[in-house]
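Here the structure comes first, spelled out in structure tokens, and everything after it is commentary.
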Amino acid sequence: MEEKDIQENVEVTQADNKPYQVKIEEARKTLFSSYTKQRRISNIIMFVVLAAIVGVMFMVMSNIQWLKIVGYSLGGAILVGMILYYVLTRKNFPNKTKEYITMVSNILREQQFGSNYSNIKYDLDEKFAITDFASDGVYKDATSINSRNIVRAEYKGHHVTYGEVALLRPSTRKQQVPPLFVGKYITLPNDLDFSGRFVIVMKNPKQPFDLPNAVEDLTVLEEKEDMVVYGPEGADIHKTLKGSFLTDLRRIRVDNHLFNVNVVVWGGHSAAYLSYDDAIMAIPFDKPFDQQAYDQSFADVNAIIKLLAGE
């Protein structure tokens with residue numbers, strides 16, 4: 001990891017005095033307008049080219065020599081023109097999209113970690129590995145992983161690692177298997193000392209989503225309609241964790257855009273998996289930016305970090 005790729009001590013900057021949601025929505029509208037315009041131009045060009053090709057075919061199949069010459073010349077001109085158009089425009093929209101994604105990611109990162117955090121570091125090229133999640137004991141059978149926006153920071157002296165992750169199972173052309181998990185991942189060290197692990201699942205009872213599949217070695221210690229606590233047989237989670245841990249965790253509402261929360265606690269290591277829908281996990285493009293959804297996700301992440309830090 002090269003030093004130049006790392007940004008430190010990120011602070012929220014409002015140089016243009018615009019709220020973050022306004023800046024993102026303005027950029028989204030500009031990009032989508034550019035996409036719509038370019039697509040319209042491409043459709044018009046394609047229509048004209050198809051019409052011209054029909055004319056060229058008529059000319060070259062004619063018995064009139066000069067008409068054949070004109071047809072071949074026009075056909076060559078069309079080919080050269082298409083190649084030239086492709087060369088001049090092929091990187092235009094992709095470059096604009098890349099700039100937009102970078103801008104949105106920076107704004108959202110600053111909004112999430114702009115206060116209450118210090119020593120903020122991130123590398124745009126850093127990725128998680130599957131092995132980073134195997135030791136949690138929450139999900140198994142993941143064969144590939146997508147990750148982005150990995151941030152390392154400190155919260156009141158606690159080291160925090162955050163990232164956006166998709167844990168994927170094998171799929172085939174005939175069968176697309178849903179991912180194991182898509183959402184935000186947070187991990188912190190802890191100073192607990194006990195054997196085994198606890199896995200706490202907060203779910204939407206009407207539509208359970210991204211449930212853990214690596215808890216066969218644990219037993220159900222507590223079960224409510226919206227929460228299941230797994231742990232070693234005979235263990236007392238209330239004695240191991242602070243008494244209000246589960247109560248504080250349940251204050252995070254699993255509804256709307258938040259599908260599920262899995263929290264795992266080992267001696268020395270805590271982590272949380274927050275499953276979100278596309279309104280949070282996809283960069284806004286054809287639909288308006290959903291400020292309410294993002295504000296809630298910021299609050300969810302802050303609440304989880306505060307809880308895992310023992311605050």
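Starting from 1 in every chain, residues are counted up; chains themselves are A, B, ... following the order of the structure tokens, and ligands are numbered from 1 as listed.
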Can you tell me which residues surround region 185-193 of chain A at a distance of at most 10 Å, considering only C-alpha atoms, apart from same-chain residues fewer than 2 positions away, and format the answer as number ranges by chain? A: 133, 136, 147, 150-152, 154-155, 158-166, 181-183, 195-196, 240-241, 261-275, 301, 304-305, 308-310
May I have all residues of region 200-245 of chain A that DSSP, computed from the backbone, assigns to helix (DSSP H, G or I), given as a list in words?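 Helix (DSSP H, G or I) assignments inside region 200-245 of chain A correspond to Ile237, His238, Lys239, Thr240 and Phe245 of chain A.
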Taking the chain letters and numbering used in this document, name the residues of region 31-248 of chain A that DSSP puts in strand (DSSP E), as a PyMOL selection string. chain A and resi 118-123+144-155+158-168+181-189+197-203+219-223+227-231
Shortest interatomic distance to Gly137 (chain A) - which of A:Gly114, A:Pro212, A:Pro179, A:Pro232, counting only C-alpha atoms: A:Pro212
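Counting only C-alpha atoms, Phe32 (chain A) has the following residues at most 12 Å away, ignoring those fewer than 2 positions along the same chain: Glu25, Glu26, Ala27, Arg28, Lys29, Thr30, Ser34, Tyr35, Thr36, Lys37, Gln38, Arg39, Phe93, Lys96, Thr97, Tyr100, Pro284, Phe285, Asp286, Lys287 and Pro288 of chain A.
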Could you tell me how far CA of Pro170 (chain A) lies from CA of Gln207 (chain A), in Å and to one decimal?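 It comes out at 23.4 Å.
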What's the 9 Å shell around Ile283 (chain A), counting only C-alpha atoms, without same-chain residues fewer than 2 positions away, as an NGL selection string? :A and (101 or 104-105 or 278-281 or 285 or 289)
Restricting the output to all heavy atoms, write the selected residues as a PDB file, in the first residue's frame.
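The resulting out_6.pdb:
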```pdb
ATOM      1  N   ILE A 101     -18.625   8.404  -9.269  1.00  0.00           N
ATOM      2  CA  ILE A 101     -18.564   7.401  -8.198  1.00  0.00           C
ATOM      3  C   ILE A 101     -17.554   7.807  -7.137  1.00  0.00           C
ATOM      4  O   ILE A 101     -17.801   7.689  -5.933  1.00  0.00           O
ATOM      5  CB  ILE A 101     -18.218   6.014  -8.783  1.00  0.00           C
ATOM      6  CG1 ILE A 101     -19.389   5.498  -9.629  1.00  0.00           C
ATOM      7  CG2 ILE A 101     -17.887   5.022  -7.674  1.00  0.00           C
ATOM      8  CD1 ILE A 101     -19.083   4.213 -10.366  1.00  0.00           C
ATOM      9  N   VAL A 104     -19.077  10.749  -5.086  1.00  0.00           N
ATOM     10  CA  VAL A 104     -20.136  10.297  -4.181  1.00  0.00           C
ATOM     11  C   VAL A 104     -19.541   9.502  -3.021  1.00  0.00           C
ATOM     12  O   VAL A 104     -19.926   9.694  -1.852  1.00  0.00           O
ATOM     13  CB  VAL A 104     -21.173   9.450  -4.940  1.00  0.00           C
ATOM     14  CG1 VAL A 104     -22.151   8.803  -3.967  1.00  0.00           C
ATOM     15  CG2 VAL A 104     -21.929  10.313  -5.939  1.00  0.00           C
ATOM     16  N   SER A 105     -18.596   8.620  -3.318  1.00  0.00           N
ATOM     17  CA  SER A 105     -17.970   7.818  -2.266  1.00  0.00           C
ATOM     18  C   SER A 105     -17.255   8.696  -1.252  1.00  0.00           C
ATOM     19  O   SER A 105     -17.339   8.473  -0.035  1.00  0.00           O
ATOM     20  CB  SER A 105     -16.984   6.815  -2.879  1.00  0.00           C
ATOM     21  OG  SER A 105     -17.644   5.912  -3.741  1.00  0.00           O
ATOM     22  N   ASP A 278     -30.719  -1.956  -2.236  1.00  0.00           N
ATOM     23  CA  ASP A 278     -29.983  -1.215  -3.266  1.00  0.00           C
ATOM     24  C   ASP A 278     -30.018   0.295  -3.056  1.00  0.00           C
ATOM     25  O   ASP A 278     -29.158   1.009  -3.583  1.00  0.00           O
ATOM     26  CB  ASP A 278     -30.546  -1.541  -4.653  1.00  0.00           C
ATOM     27  CG  ASP A 278     -30.130  -2.921  -5.139  1.00  0.00           C
ATOM     28  OD1 ASP A 278     -29.202  -3.495  -4.527  1.00  0.00           O
ATOM     29  OD2 ASP A 278     -30.733  -3.421  -6.112  1.00  0.00           O
ATOM     30  N   ALA A 279     -31.005   0.790  -2.316  1.00  0.00           N
ATOM     31  CA  ALA A 279     -31.058   2.231  -2.073  1.00  0.00           C
ATOM     32  C   ALA A 279     -29.813   2.706  -1.338  1.00  0.00           C
ATOM     33  O   ALA A 279     -29.397   3.861  -1.478  1.00  0.00           O
ATOM     34  CB  ALA A 279     -32.307   2.587  -1.261  1.00  0.00           C
ATOM     35  N   ILE A 280     -29.188   1.814  -0.569  1.00  0.00           N
ATOM     36  CA  ILE A 280     -27.972   2.135   0.174  1.00  0.00           C
ATOM     37  C   ILE A 280     -26.736   1.585  -0.517  1.00  0.00           C
ATOM     38  O   ILE A 280     -25.692   2.237  -0.596  1.00  0.00           O
ATOM     39  CB  ILE A 280     -28.046   1.580   1.609  1.00  0.00           C
ATOM     40  CG1 ILE A 280     -29.207   2.210   2.362  1.00  0.00           C
ATOM     41  CG2 ILE A 280     -26.735   1.816   2.355  1.00  0.00           C
ATOM     42  CD1 ILE A 280     -29.098   3.703   2.539  1.00  0.00           C
ATOM     43  N   MET A 281     -26.808   0.379  -1.056  1.00  0.00           N
ATOM     44  CA  MET A 281     -25.624  -0.301  -1.561  1.00  0.00           C
ATOM     45  C   MET A 281     -25.292   0.054  -3.013  1.00  0.00           C
ATOM     46  O   MET A 281     -24.175  -0.178  -3.459  1.00  0.00           O
ATOM     47  CB  MET A 281     -25.791  -1.822  -1.428  1.00  0.00           C
ATOM     48  CG  MET A 281     -25.974  -2.291   0.008  1.00  0.00           C
ATOM     49  SD  MET A 281     -24.714  -1.629   1.143  1.00  0.00           S
ATOM     50  CE  MET A 281     -23.218  -2.349   0.458  1.00  0.00           C
ATOM     51  N   PHE A 285     -28.209   6.559  -9.531  1.00  0.00           N
ATOM     52  CA  PHE A 285     -27.998   6.933 -10.932  1.00  0.00           C
ATOM     53  C   PHE A 285     -29.304   7.364 -11.595  1.00  0.00           C
ATOM     54  O   PHE A 285     -29.519   8.538 -11.854  1.00  0.00           O
ATOM     55  CB  PHE A 285     -27.362   5.772 -11.697  1.00  0.00           C
ATOM     56  CG  PHE A 285     -27.166   6.033 -13.158  1.00  0.00           C
ATOM     57  CD1 PHE A 285     -26.393   7.098 -13.588  1.00  0.00           C
ATOM     58  CD2 PHE A 285     -27.770   5.225 -14.116  1.00  0.00           C
ATOM     59  CE1 PHE A 285     -26.218   7.370 -14.941  1.00  0.00           C
ATOM     60  CE2 PHE A 285     -27.604   5.480 -15.469  1.00  0.00           C
ATOM     61  CZ  PHE A 285     -26.827   6.549 -15.879  1.00  0.00           C
ATOM     62  N   PHE A 289     -31.451  10.605  -5.267  1.00  0.00           N
ATOM     63  CA  PHE A 289     -30.723  10.247  -4.059  1.00  0.00           C
ATOM     64  C   PHE A 289     -31.671  10.237  -2.869  1.00  0.00           C
ATOM     65  O   PHE A 289     -32.419  11.194  -2.651  1.00  0.00           O
ATOM     66  CB  PHE A 289     -29.587  11.249  -3.824  1.00  0.00           C
ATOM     67  CG  PHE A 289     -28.803  10.998  -2.571  1.00  0.00           C
ATOM     68  CD1 PHE A 289     -27.900   9.952  -2.503  1.00  0.00           C
ATOM     69  CD2 PHE A 289     -28.964  11.812  -1.453  1.00  0.00           C
ATOM     70  CE1 PHE A 289     -27.173   9.714  -1.354  1.00  0.00           C
ATOM     71  CE2 PHE A 289     -28.235  11.588  -0.299  1.00  0.00           C
ATOM     72  CZ  PHE A 289     -27.334  10.531  -0.246  1.00  0.00           C
TER      73      PHE A 289
END
```
Nearest candidate to Lys206 (chain A) (options A:Met61, A:Leu84, A:Ser144, A:Asp226; using only C-alpha atoms): A:Asp226
